[in-house]
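Coordinates as given in entry-v1.txt (compact mmCIF, C-alpha atoms and all ligand atoms):
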```txt
# COMPACT_ATOMS: atom_id res chain seq x y z
CA MET S 1088 53.71 5.91 44.11
CA SER S 1089 55.89 2.83 43.84
CA ALA S 1090 58.83 2.65 41.46
CA PRO S 1091 57.67 2.71 37.84
CA ALA S 1092 57.37 -0.75 36.34
CA VAL S 1093 59.97 -1.49 33.71
CA ALA S 1094 58.36 -2.53 30.47
CA LEU S 1095 59.21 -5.79 28.82
CA ASP S 1096 60.29 -5.48 25.23
CA ALA S 1097 57.14 -5.88 23.12
CA LEU S 1098 58.41 -8.93 21.20
CA GLU S 1099 59.61 -10.56 24.41
CA ALA S 1100 56.19 -9.96 25.99
CA ALA S 1101 54.42 -11.43 22.92
CA LEU S 1102 56.65 -14.52 22.93
CA ARG S 1103 56.13 -15.12 26.64
CA MET S 1104 52.36 -14.98 26.19
CA ALA S 1105 52.53 -17.31 23.20
CA GLY S 1106 54.67 -19.61 25.32
CA ARG S 1107 51.82 -20.01 27.78
CA GLY S 1108 49.41 -20.83 24.98
CA TRP S 1109 47.88 -17.43 24.42
CA HIS S 1110 47.16 -16.51 20.82
CA VAL S 1111 48.65 -13.10 20.06
CA PHE S 1112 48.70 -10.61 17.22
CA PRO S 1113 50.17 -7.14 16.79
CA VAL S 1114 48.12 -4.17 17.90
CA GLU S 1115 49.11 -0.64 16.84
CA ARG S 1116 51.91 0.87 18.86
CA GLY S 1117 50.47 2.94 21.68
CA GLY S 1118 46.91 2.02 20.71
CA LYS S 1119 44.19 -0.63 20.82
CA ARG S 1120 43.40 -1.40 17.16
CA PRO S 1121 45.05 -4.15 15.11
CA ALA S 1122 48.40 -3.05 13.66
CA ILE S 1123 48.06 -4.86 10.34
CA ARG S 1124 45.90 -3.14 7.77
CA ALA S 1125 42.68 -5.03 7.01
CA ALA S 1126 43.36 -7.51 4.18
CA HIS S 1127 40.07 -7.02 2.36
CA SER S 1128 39.19 -3.47 3.31
CA GLY S 1129 36.28 -2.16 1.24
CA GLN S 1130 36.04 -5.32 -0.87
CA GLY S 1131 32.94 -6.66 0.84
CA VAL S 1132 34.73 -9.95 1.51
CA ARG S 1133 34.04 -11.98 4.61
CA CYS S 1134 37.33 -13.67 5.36
CA THR S 1135 38.83 -14.66 8.68
CA GLY S 1136 42.13 -15.82 7.27
CA ALA S 1137 41.20 -18.46 4.70
CA CYS S 1138 43.07 -16.40 2.08
CA GLY S 1139 46.31 -17.28 3.88
CA GLY S 1140 47.42 -13.70 4.48
CA ASP S 1141 47.48 -11.42 7.50
CA GLY S 1142 45.16 -8.54 8.23
CA HIS S 1143 42.17 -10.21 9.87
CA GLY S 1144 42.42 -8.55 13.26
CA LEU S 1145 42.15 -11.02 16.12
CA HIS S 1146 41.75 -13.87 13.63
CA ASP S 1147 45.46 -13.49 12.81
CA ALA S 1148 46.36 -14.46 16.38
CA THR S 1149 48.79 -17.33 16.77
CA THR S 1150 51.25 -19.01 19.12
CA ASP S 1151 53.70 -19.60 16.25
CA GLU S 1152 57.08 -18.11 17.18
CA ARG S 1153 58.23 -17.47 13.60
CA ARG S 1154 55.14 -15.52 12.66
CA ILE S 1155 55.30 -13.56 15.88
CA ARG S 1156 58.97 -12.62 15.32
CA ALA S 1157 58.20 -11.55 11.75
CA TRP S 1158 55.27 -9.40 12.88
CA TRP S 1159 57.21 -7.54 15.54
CA GLN S 1160 60.05 -7.02 13.09
CA ALA S 1161 57.58 -5.42 10.68
CA TYR S 1162 55.78 -3.52 13.46
CA PRO S 1163 58.43 -2.75 16.08
CA GLY S 1164 57.04 -1.82 19.45
CA ALA S 1165 53.54 -2.97 18.53
CA ASN S 1166 51.26 -3.66 21.47
CA VAL S 1167 50.24 -7.27 22.06
CA GLY S 1168 46.66 -8.27 21.29
CA VAL S 1169 45.48 -11.44 23.01
CA SER S 1170 42.60 -13.20 21.25
CA CYS S 1171 40.64 -14.58 24.19
CA GLY S 1172 38.66 -17.44 22.60
CA PRO S 1173 41.53 -19.56 21.22
CA SER S 1174 43.64 -18.69 24.27
CA GLY S 1175 41.04 -20.34 26.51
CA LEU S 1176 40.53 -17.08 28.38
CA VAL S 1177 37.54 -15.20 29.70
CA VAL S 1178 38.68 -11.70 30.58
CA VAL S 1179 36.43 -9.58 32.78
CA ASP S 1180 37.07 -5.96 31.83
CA VAL S 1181 36.29 -3.76 34.81
CA ASP S 1182 36.16 -0.07 33.98
CA THR S 1183 36.27 3.05 36.09
CA GLY S 1184 32.89 4.76 36.28
CA LYS S 1185 33.18 7.18 33.42
CA GLY S 1186 29.95 8.89 32.54
CA ARG S 1187 26.61 8.90 34.29
CA ARG S 1188 25.48 5.77 36.04
CA PRO S 1189 22.34 4.37 34.44
CA GLU S 1190 19.32 3.59 36.58
CA ARG S 1191 19.94 -0.12 36.17
CA VAL S 1192 23.41 -1.58 36.29
CA LEU S 1193 22.42 -5.27 36.01
CA VAL S 1194 20.31 -6.92 33.36
CA ASP S 1195 18.17 -8.74 35.95
CA GLN S 1196 18.07 -5.98 38.54
CA GLY S 1197 14.29 -5.82 38.53
CA ASP S 1198 12.99 -3.09 40.85
CA ASP S 1199 16.01 -3.18 43.14
CA ALA S 1200 17.65 0.18 43.67
CA THR S 1201 21.34 0.35 42.85
CA PRO S 1202 23.31 0.77 46.10
CA GLY S 1203 24.89 4.19 46.49
CA ASP S 1204 28.42 2.79 46.71
CA VAL S 1205 28.16 1.27 43.24
CA THR S 1206 29.92 3.99 41.26
CA ASP S 1207 32.16 2.01 38.92
CA GLY S 1208 32.73 -1.43 37.42
CA ALA S 1209 34.43 -2.74 40.55
CA GLY S 1210 31.39 -1.71 42.61
CA VAL S 1211 29.04 -3.43 40.15
CA LEU S 1212 31.08 -6.63 40.34
CA ALA S 1213 31.15 -6.56 44.15
CA TRP S 1214 27.37 -6.03 44.32
CA LEU S 1215 26.84 -8.81 41.80
CA ALA S 1216 28.86 -11.15 43.99
CA ARG S 1217 26.86 -10.19 47.08
CA ARG S 1218 23.63 -10.93 45.20
CA HIS S 1219 25.02 -14.37 44.46
CA GLY S 1220 25.82 -14.90 48.12
CA THR S 1221 29.55 -14.92 47.55
CA ALA S 1222 32.50 -12.62 48.02
CA ALA S 1223 33.94 -11.24 44.82
CA ASP S 1224 36.73 -13.84 44.62
CA LEU S 1225 38.74 -11.86 42.13
CA GLU S 1226 42.13 -13.31 43.03
CA THR S 1227 43.42 -14.17 39.61
CA PHE S 1228 45.98 -12.91 37.14
CA ALA S 1229 45.02 -9.32 36.37
CA VAL S 1230 46.30 -6.39 34.36
CA THR S 1231 45.82 -2.77 35.39
CA THR S 1232 45.16 -0.66 32.33
CA PRO S 1233 46.70 2.78 31.77
CA THR S 1234 43.34 4.42 32.45
CA GLY S 1235 42.82 2.70 35.79
CA GLY S 1236 40.63 -0.20 34.68
CA ARG S 1237 41.37 -3.84 35.43
CA HIS S 1238 41.40 -6.91 33.21
CA LEU S 1239 40.74 -10.05 35.25
CA TYR S 1240 41.97 -13.12 33.37
CA TYR S 1241 40.16 -16.41 33.98
CA ALA S 1242 40.56 -19.82 32.40
CA ALA S 1243 37.43 -20.53 30.36
CA PRO S 1244 35.57 -23.71 31.28
CA ALA S 1245 36.07 -26.34 28.59
CA GLY S 1246 33.40 -26.67 25.93
CA GLU S 1247 31.18 -23.74 26.93
CA GLY S 1248 31.94 -21.45 23.97
CA ILE S 1249 31.52 -18.25 25.99
CA THR S 1250 31.19 -15.16 23.81
CA SER S 1251 32.11 -11.52 24.33
CA GLY S 1252 29.65 -8.87 25.39
CA ALA S 1253 29.56 -5.39 26.81
CA GLY S 1254 27.72 -3.45 29.47
CA VAL S 1255 24.35 -3.99 31.15
CA ALA S 1256 22.64 -5.94 28.39
CA GLY S 1257 25.48 -8.05 27.02
CA GLY S 1258 28.15 -8.19 29.66
CA LEU S 1259 28.19 -8.65 33.42
CA GLY S 1260 26.83 -5.18 34.13
CA TRP S 1261 27.47 -1.48 33.74
CA GLN S 1262 31.21 -0.90 33.19
CA VAL S 1263 31.90 -4.64 33.29
CA ASP S 1264 32.53 -6.12 29.85
CA VAL S 1265 33.38 -9.68 28.95
CA ARG S 1266 36.11 -10.56 26.47
CA ALA S 1267 35.91 -14.17 25.38
CA GLY S 1268 35.17 -15.77 22.00
CA GLY S 1269 35.29 -13.08 19.30
CA GLY S 1270 37.06 -10.64 21.60
CA TYR S 1271 40.57 -9.56 22.45
CA VAL S 1272 42.39 -7.59 25.08
CA VAL S 1273 45.49 -5.46 24.88
CA GLY S 1274 47.88 -7.60 26.88
CA PRO S 1275 50.36 -6.96 29.68
CA TRP S 1276 53.35 -4.68 29.04
CA SER S 1277 51.58 -2.96 26.19
CA THR S 1278 51.71 0.82 26.32
CA ARG S 1279 49.43 3.77 25.70
CA PRO S 1280 50.24 7.45 25.90
CA GLU S 1281 48.75 7.30 29.43
CA GLY S 1282 51.07 4.52 30.58
CA LEU S 1283 51.60 0.78 30.81
CA TYR S 1284 49.36 -2.28 31.05
CA VAL S 1285 50.83 -3.65 34.27
CA PRO S 1286 50.26 -7.29 35.24
CA THR S 1287 49.91 -8.47 38.82
CA ALA S 1288 52.96 -10.40 39.89
CA GLY S 1289 52.83 -13.97 41.11
CA VAL S 1290 49.11 -14.70 40.69
CA PRO S 1291 48.17 -17.45 38.23
CA VAL S 1292 45.16 -17.43 35.90
CA ARG S 1293 42.44 -19.15 37.92
CA PRO S 1294 39.42 -21.04 36.61
CA LEU S 1295 36.33 -18.89 36.04
CA PRO S 1296 34.35 -18.99 39.31
CA GLY S 1297 30.98 -20.73 39.11
CA TRP S 1298 29.00 -17.61 40.03
CA LEU S 1299 30.56 -15.70 37.14
CA LEU S 1300 29.68 -18.52 34.76
CA GLU S 1301 26.10 -18.31 36.06
CA ARG S 1302 26.09 -14.58 35.40
CA LEU S 1303 27.44 -15.05 31.89
CA SER S 1304 24.72 -17.57 31.27
CA ILE S 1305 22.09 -15.08 32.44
CA ALA S 1306 23.64 -12.46 30.13
CA GLY S 1307 23.30 -14.88 27.22
CA ARG S 1308 27.06 -15.19 26.81
CA VAL S 1309 27.00 -18.98 27.19
CA PRO S 1310 25.33 -20.45 24.12
CA SER S 1311 22.67 -22.91 25.13
CA ARG S 1312 22.41 -26.23 23.42
CA THR S 1313 18.71 -25.81 23.28
CA PRO S 1314 15.98 -28.28 22.46
CA PRO S 1315 13.07 -26.66 20.60
CA ALA S 1316 10.54 -24.93 22.80
CA ASP S 1317 7.48 -26.97 23.70
CA VAL S 1318 5.12 -24.00 23.61
CA THR S 1319 2.06 -26.08 22.94
CA ARG S 1320 1.99 -27.45 26.46
CA ALA S 1321 0.31 -25.69 29.38
CA PRO S 1322 2.22 -25.48 32.65
CA ALA S 1323 1.62 -28.40 35.00
CA PRO S 1324 -0.47 -27.57 38.07
CA VAL S 1325 1.71 -26.93 41.11
CA ASP S 1326 0.61 -27.73 44.64
CA LEU S 1327 1.42 -24.68 46.75
CA GLY S 1328 -0.21 -26.24 49.82
CA ALA S 1329 -3.55 -25.63 51.46
CA ARG S 1330 -2.31 -22.60 53.39
CA ALA S 1331 -1.20 -20.64 50.31
CA THR S 1332 -3.23 -17.45 50.01
CA ALA S 1333 -4.96 -16.33 46.85
CA TYR S 1334 -2.38 -13.56 46.56
CA LEU S 1335 0.45 -16.05 46.72
CA ARG S 1336 -1.19 -18.23 44.08
CA ALA S 1337 -1.72 -15.23 41.82
CA ALA S 1338 1.84 -14.04 42.33
CA VAL S 1339 3.29 -17.43 41.40
CA ALA S 1340 1.03 -17.75 38.37
CA GLY S 1341 2.02 -14.24 37.27
CA GLU S 1342 5.74 -14.93 37.51
CA ILE S 1343 5.41 -18.22 35.65
CA GLN S 1344 3.39 -16.53 32.91
CA ARG S 1345 6.12 -13.92 32.47
CA VAL S 1346 8.61 -16.70 31.77
CA LEU S 1347 6.23 -18.30 29.29
CA ASP S 1348 5.61 -15.00 27.49
CA VAL S 1349 9.20 -14.09 26.81
CA GLY S 1350 10.92 -14.63 23.47
CA GLU S 1351 13.83 -16.99 22.97
CA GLY S 1352 16.50 -14.31 23.55
CA GLY S 1353 15.33 -13.36 27.03
CA ARG S 1354 14.34 -16.72 28.47
CA ASN S 1355 17.16 -17.10 30.93
CA VAL S 1356 16.89 -13.51 32.12
CA ALA S 1357 13.13 -13.91 32.59
CA LEU S 1358 13.62 -17.18 34.46
CA ASN S 1359 16.18 -15.56 36.71
CA ARG S 1360 13.83 -12.64 37.45
CA ALA S 1361 10.95 -14.98 38.23
CA ALA S 1362 13.15 -17.15 40.45
CA PHE S 1363 14.34 -14.05 42.26
CA ALA S 1364 10.76 -12.83 42.80
CA LEU S 1365 9.63 -16.24 44.04
CA GLY S 1366 12.70 -16.46 46.30
CA GLN S 1367 11.55 -13.20 47.88
CA LEU S 1368 8.14 -14.77 48.50
CA VAL S 1369 9.76 -17.87 49.99
CA ALA S 1370 11.53 -15.69 52.54
CA GLY S 1371 8.84 -13.06 53.08
CA HIS S 1372 5.61 -14.92 52.61
CA GLY S 1373 6.19 -18.56 53.38
CA LEU S 1374 6.00 -19.81 49.80
CA ASP S 1375 7.09 -23.43 49.61
CA GLU S 1376 10.51 -23.36 47.94
CA ALA S 1377 10.32 -26.83 46.45
CA ALA S 1378 6.97 -26.01 44.87
CA ALA S 1379 8.37 -22.74 43.50
CA ALA S 1380 11.37 -24.55 42.02
CA GLU S 1381 9.07 -27.15 40.48
CA ALA S 1382 6.89 -24.51 38.84
CA LEU S 1383 9.93 -22.65 37.51
CA THR S 1384 11.50 -25.86 36.18
CA ASP S 1385 8.30 -26.72 34.38
CA ALA S 1386 8.10 -23.25 32.80
CA ALA S 1387 11.77 -23.44 31.77
CA GLN S 1388 11.13 -26.76 30.07
CA ILE S 1389 8.14 -25.36 28.20
CA VAL S 1390 10.19 -22.44 26.83
CA GLY S 1391 12.97 -24.83 25.85
CA LEU S 1392 15.78 -23.93 28.22
CA PRO S 1393 18.28 -26.75 28.71
CA ALA S 1394 17.71 -28.48 32.05
CA ALA S 1395 21.17 -27.88 33.48
CA GLU S 1396 21.13 -24.20 32.59
CA ALA S 1397 17.63 -23.80 34.02
CA LYS S 1398 18.54 -25.56 37.23
CA THR S 1399 21.50 -23.26 37.81
CA THR S 1400 19.48 -20.14 37.07
CA ILE S 1401 16.58 -21.21 39.30
CA ARG S 1402 18.81 -22.11 42.21
CA SER S 1403 20.74 -18.89 41.97
CA GLY S 1404 17.65 -16.70 41.50
CA LEU S 1405 15.75 -18.30 44.40
CA SER S 1406 18.65 -17.96 46.75
CA ALA S 1407 19.30 -14.33 45.76
CA GLY S 1408 15.61 -13.55 46.23
CA ARG S 1409 15.53 -15.26 49.62
CA ARG S 1410 18.16 -12.83 50.79
CA SER S 1411 15.91 -9.86 50.13
CA PRO S 1412 12.54 -11.01 51.48
CA ARG S 1413 9.41 -9.25 50.34
CA GLY S 1414 5.87 -9.75 51.53
CA ILE S 1415 2.84 -9.15 49.38
CA THR S 1416 0.85 -6.04 50.07
CA PRO S 1417 -2.80 -6.97 49.59
ZN ZN V 1 41.53 -13.01 4.06
```

Produce structure tokens that represent the structure in this file.
Amino acid sequence: MSAPAVALDALEAALRMAGRGWHVFPVERGGKRPAIRAAHSGQGVRCTGACGGDGHGLHDATTDERRIRAWWQAYPGANVGVSCGPSGLVVVDVDTGKGRRPERVLVDQGDDATPGDVTDGAGVLAWLARRHGTAADLETFAVTTPTGGRHLYYAAPAGEGITSGAGVAGGLGWQVDVRAGGGYVVGPWSTRPEGLYVPTAGVPVRPLPGWLLERLSIAGRVPSRTPPADVTRAPAPVDLGARATAYLRAAVAGEIQRVLDVGEGGRNVALNRAAFALGQLVAGHGLDEAAAAEALTDAAQIVGLPAAEAKTTIRSGLSAGRRSPRGITP
């Protein structure tokens, strides 16, 4: 083991983070919950700070030096909570594989078996990257948590309003949570009974990579500015070419129908699954990719997905599917 890291004084750590524009608030000493008692506990009041007082959890977070000094005077040694949304951060929270691995570790895994080496959050993230045809470019400012997890800090893309989510259904996958709008992390140099939150030295916060933004979109963490669904329209006929077999035609029609059948919440996931399946048929069965993309785009428009979001999902799903070709067994 290397020499133990020397902790920064909690106030000093909070002020440094505020100095870089991160919105901070005190978290209980040695713990993860807000230090300040809830302002309206048990009063049935919905308030995120309009009352002017403290005690609204991450909504208290600020960059104001005077408030920060006063807080850490009142709560000496408090850990530092970083409210991700106003700080412009998306933090990918990669956990160690506690507990039993579920059958599916990704929301759009389909029938794919989880590789045997995927045993924790880091493995899930690496597999996810491979499925997107990229290396897991995780070189960014990171914090190792006292229990062996990692918080990867990324700069949020402007104007996307990314929200927090956890696990397979809401986050990036099993053991990979997302802390963004509405979420906070316990920041660097905070302490727990198990040890310190240790930051990586010398690595800046990098912009969120495009493939992770795509994933967050698939997980529904990127709110879509959605036109109303045009469910009254039937899908436009798509020319698959004279050589397309009946099986191929049926397979394409089936995938498109699955997109059309899904409710508003699952549209992007369904589109991604269909694109992946059709990508497999492009590689394994000679399906015309342009025709597949056209059919998927048409279905996406019918269910009301924004064009840019649909285009990204289709491209990424087709290319992931192409990398695991599948024929059709008659
Ligand atoms: Zn209040």

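Across the model, the gap from CA of Val1390 (chain S) to CA of Arg1354 (chain S) is 7.3 Å.
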
Using only C-alpha atoms and all ligand atoms, which residues have at least one atom no more than 6 Å from ligand ZN 1 (chain V)? Output them as an NGL selection string. :S and (1126 or 1134-1138 or 1140)

Have a look at S:Val1309, S:Ala1223, S:Leu1098, S:Ala1125 and name the one nearest to Glu1396 (chain S); count only C-alpha atoms.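 Smallest distance to Glu1396 (chain S) is found for S:Val1309.
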
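Picture a line from CA of Arg1266 (chain S) to CA of Gly1175 (chain S); it runs 11.0 Å.
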
Go through region 1228-1344 of chain S and flag each residue having an atom no more than 12 Å from region 1146-1163 of chain S; for those, report the closest pair of atoms plus their distance in Å to one decimal, using all atoms listed in the file, ordered by chain and rising number, as a tab-separated table.
```
residue	atom	partner	partner_atom	distance
S:Gly1268	CA	S:His1146	CA	10.8
S:Gly1269	CA	S:His1146	CA	8.6
S:Gly1270	CA	S:His1146	CA	9.8
S:Tyr1271	CA	S:Ala1148	CA	9.7
S:Val1272	CA	S:Ala1148	CA	11.8
```

Hey, what's within 12 Å of Asn1355 (chain S) if we count all atoms listed in the file and toss same-chain stuff fewer than 4 positions away? As number ranges by chain, please? S: 1194-1195, 1301-1311, 1313, 1345-1347, 1349-1351, 1359-1362, 1383-1384, 1386-1388, 1390-1401, 1403-1404
